[in-house]
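A.B. asks: I have a structure here, written as structure tokens, and I will follow up with some questions on it.
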Amino acid sequence: MRHDTLHDDTSHDDALVLYDEPFTSRFLLGTALYSSPAVMQASVEAAGCDMITLGLRRQNPGGGDGDAFWQILRESGCRLLPNTAGCRSAREAITLAEMSRELFDTPWIKLEVIGDDYNLQPDPFGLLEAARELIAQGFKVLPYCTDDLVLCQRLHEAGCQALMPWGAPIGTGRGLMNRYALRTLRERIAAPLIIDAGLGAPSQAAEAMEMGFDGVLLNTAVARARRPARMASAFARAIEAGRAAYLAGPMEQRQTASPSTPTLGQPFWHATT
């Protein structure tokens with residue numbers, strides 16, 4: 001079954017819907033790794049995003065910039081998406097999600113259960129276990145997962161109404177490493193799919209959106225850019241362009257050339273009406 005949402009190309013009709021809630025932006029941005037809270041704030045504003053991620057383990061309340069960080073989050077107007085970054089077991093992720101719900105007063109959670117320290121690949125068994133428990137508790141779970149079809153099917157069956165498969169390992173900037181698997185996910189999973197992790201350039205985000213993915217979540221590609229706010233703006237425009245191209249319906253690829261200017265028959269100025 002192909003997930004196809006083609007309709008009139010108007011922005012107010014084309015909201016990203018997650019757990020029955022509409023979002024005007026398809027760009028989700030992380031809040032880690034920035035050189036200062038001011039740089040983060042400028043990047044969030046340039047991205048024009050509706051949702052930003054943050055992790056309890058990534059923020060040090062005792063740090064000198066702690067107050068500024070939280071003030072920016074409160075004033076951003078964005079929905080907060082706490083994550084369970086750094087967790088390596090289902091129980092650890094569930095506990096951190098419960099703490100995040102109490103602290104931020106939100107049922108939204110970006111679920112991460114890391115299984116390998118080398119490439120930070122998600123643990124499929126722990127991820128599915130944690131997802132089932134958190135869904136049962138009423139969380140709106142956005143699981144960070146690989147591009148494995150069966151895992152994504154099981155997460156969807158468990159109640160995850162949106163999935164976030166990686167494009168490549170976190171922080172690598174390598175883009176869409178397994179296009180076959182990602183296209184298969186798009187064709188087989190009838191739920192919003194958001195590319196999460198591994199993107200390094202706006203062109204890669206545009207490609208994901210042209211393939212029919214519903215959004216992009218990233219952090220490092222913006223935070224580690226020489227000019228983060230400018231890069232956030234570039235990604236925002238690339239995501240919009242990719243979505244518009246998908247809705248427009250790109251031409252089919254051909255094996256042979258096909259002239260765009262006819263070469264047979266009379267010149268157009270000889271044609272009769």
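Naming scheme: A, B, ... for chains in displayed order of the structure tokens; residues 1 onward per chain; ligands 1 onward as shown.
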Can you pull out the residues contacting A:Arg230? Cut-off 9 Å, using only C-alpha atoms, and skip same-chain residues under 4 positions away; I want them as a list in words.
C.D. replies: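 So, after excluding close chain neighbours, the residues are Ser43, Ala46, Ala47, Val222, Ala225, Arg226, Ala234 and Phe235 of chain A.
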A.B. asks: Next, dump the selected residues to file, keeping only all heavy atoms, as an mmCIF file, in the first residue's frame.
C.D. replies:
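Writing the result to selection-v7.cif gives the following:
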```cif
data_model
loop_
_atom_site.group_PDB
_atom_site.id
_atom_site.type_symbol
_atom_site.label_atom_id
_atom_site.label_comp_id
_atom_site.auth_asym_id
_atom_site.auth_seq_id
_atom_site.Cartn_x
_atom_site.Cartn_y
_atom_site.Cartn_z
ATOM 1 N N SER A 43 18.813 29.967 15.228
ATOM 2 C CA SER A 43 18.614 28.826 14.334
ATOM 3 C C SER A 43 17.178 28.340 14.367
ATOM 4 O O SER A 43 16.589 28.016 13.326
ATOM 5 C CB SER A 43 19.577 27.698 14.714
ATOM 6 O OG SER A 43 20.916 28.121 14.615
ATOM 7 N N ALA A 46 15.125 30.798 12.421
ATOM 8 C CA ALA A 46 15.366 30.688 10.985
ATOM 9 C C ALA A 46 14.732 29.433 10.401
ATOM 10 O O ALA A 46 14.310 29.422 9.244
ATOM 11 C CB ALA A 46 16.873 30.681 10.713
ATOM 12 N N ALA A 47 14.659 28.379 11.206
ATOM 13 C CA ALA A 47 14.069 27.123 10.732
ATOM 14 C C ALA A 47 12.567 27.227 10.553
ATOM 15 O O ALA A 47 11.981 26.519 9.732
ATOM 16 C CB ALA A 47 14.404 25.995 11.711
ATOM 17 N N VAL A 222 22.841 21.514 11.385
ATOM 18 C CA VAL A 222 22.648 22.940 11.624
ATOM 19 C C VAL A 222 23.604 23.440 12.697
ATOM 20 O O VAL A 222 24.321 24.428 12.518
ATOM 21 C CB VAL A 222 21.187 23.236 12.021
ATOM 22 C CG1 VAL A 222 21.036 24.661 12.551
ATOM 23 C CG2 VAL A 222 20.270 23.028 10.820
ATOM 24 N N ALA A 225 27.229 23.744 11.578
ATOM 25 C CA ALA A 225 27.523 24.537 10.379
ATOM 26 C C ALA A 225 28.286 25.797 10.771
ATOM 27 O O ALA A 225 28.216 26.255 11.912
ATOM 28 C CB ALA A 225 26.222 24.911 9.674
ATOM 29 N N ARG A 226 29.019 26.377 9.829
ATOM 30 C CA ARG A 226 29.751 27.607 10.137
ATOM 31 C C ARG A 226 28.783 28.728 10.488
ATOM 32 O O ARG A 226 29.078 29.566 11.341
ATOM 33 C CB ARG A 226 30.625 28.004 8.946
ATOM 34 C CG ARG A 226 31.856 27.130 8.765
ATOM 35 C CD ARG A 226 32.846 27.746 7.801
ATOM 36 N NE ARG A 226 32.291 27.885 6.458
ATOM 37 C CZ ARG A 226 32.356 26.944 5.529
ATOM 38 N NH1 ARG A 226 32.946 25.796 5.790
ATOM 39 N NH2 ARG A 226 31.845 27.155 4.343
ATOM 40 N N ALA A 234 18.326 27.337 5.094
ATOM 41 C CA ALA A 234 18.519 26.562 3.868
ATOM 42 C C ALA A 234 17.791 25.223 3.938
ATOM 43 O O ALA A 234 17.161 24.782 2.966
ATOM 44 C CB ALA A 234 20.016 26.344 3.630
ATOM 45 N N PHE A 235 17.877 24.555 5.084
ATOM 46 C CA PHE A 235 17.159 23.289 5.246
ATOM 47 C C PHE A 235 15.650 23.499 5.170
ATOM 48 O O PHE A 235 14.939 22.702 4.554
ATOM 49 C CB PHE A 235 17.527 22.632 6.579
ATOM 50 C CG PHE A 235 18.662 21.657 6.487
ATOM 51 C CD1 PHE A 235 19.926 21.998 6.917
ATOM 52 C CD2 PHE A 235 18.468 20.391 5.959
ATOM 53 C CE1 PHE A 235 20.990 21.103 6.838
ATOM 54 C CE2 PHE A 235 19.512 19.480 5.873
ATOM 55 C CZ PHE A 235 20.780 19.839 6.311
#
```
A.B. asks: Skip A:Gly126 itself and residues of its chain fewer than 3 positions away, then list as an MDAnalysis selection string all residues within 7 Å of it, counting only C-alpha atoms.
C.D. replies: chainID A and resid 89:90 113 123 129:130
A.B. asks: Within 10 Å of stretch 153-156 of chain A, counting only C-alpha atoms, which residues show up once you throw out same-chain ones fewer than 4 positions away? Write them as a count of residues only, please.
C.D. replies: 21
A.B. asks: Point out the residue among A:Ile72, A:Ile194, A:Leu151, A:Phe125 with the least atom-to-atom distance to A:Lys110, counting only C-alpha atoms.
C.D. replies: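 Smallest separation from A:Lys110 among the options: A:Ile194.
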A.B. asks: Please provide as a list in words all residues within 7 Å of A:Ala238, with the sequence filter that same-chain residues fewer than 4 positions apart are discarded (counting only C-alpha atoms).
C.D. replies: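 Result of the neighbour search: Pro202, Ser203, Ala205, Ala206, Ala234 and Gly242 of chain A.
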A.B. asks: Using the chain letters and numbers from this document, which residues of stretch 100-248 of chain A does DSSP assign to strand (DSSP E), as a list in words?
C.D. replies: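 Here are the strand (DSSP E) residues of stretch 100-248 of chain A: Trp108, Ile109, Lys110, Leu111, Lys140, Val141, Leu142, Pro143, Tyr144, Cys145, Met164, Pro165, Ile194, Ile195, Asp196, Gly215, Val216, Leu217 and Leu218 of chain A.
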A.B. asks: Can you work out the spacing between atom CA of A:Ile195 and atom CA of A:Ala136 in Å, to one decimal?
C.D. replies: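 So the two atoms, atom CA of A:Ile195 and atom CA of A:Ala136, lie 24.8 Å apart.
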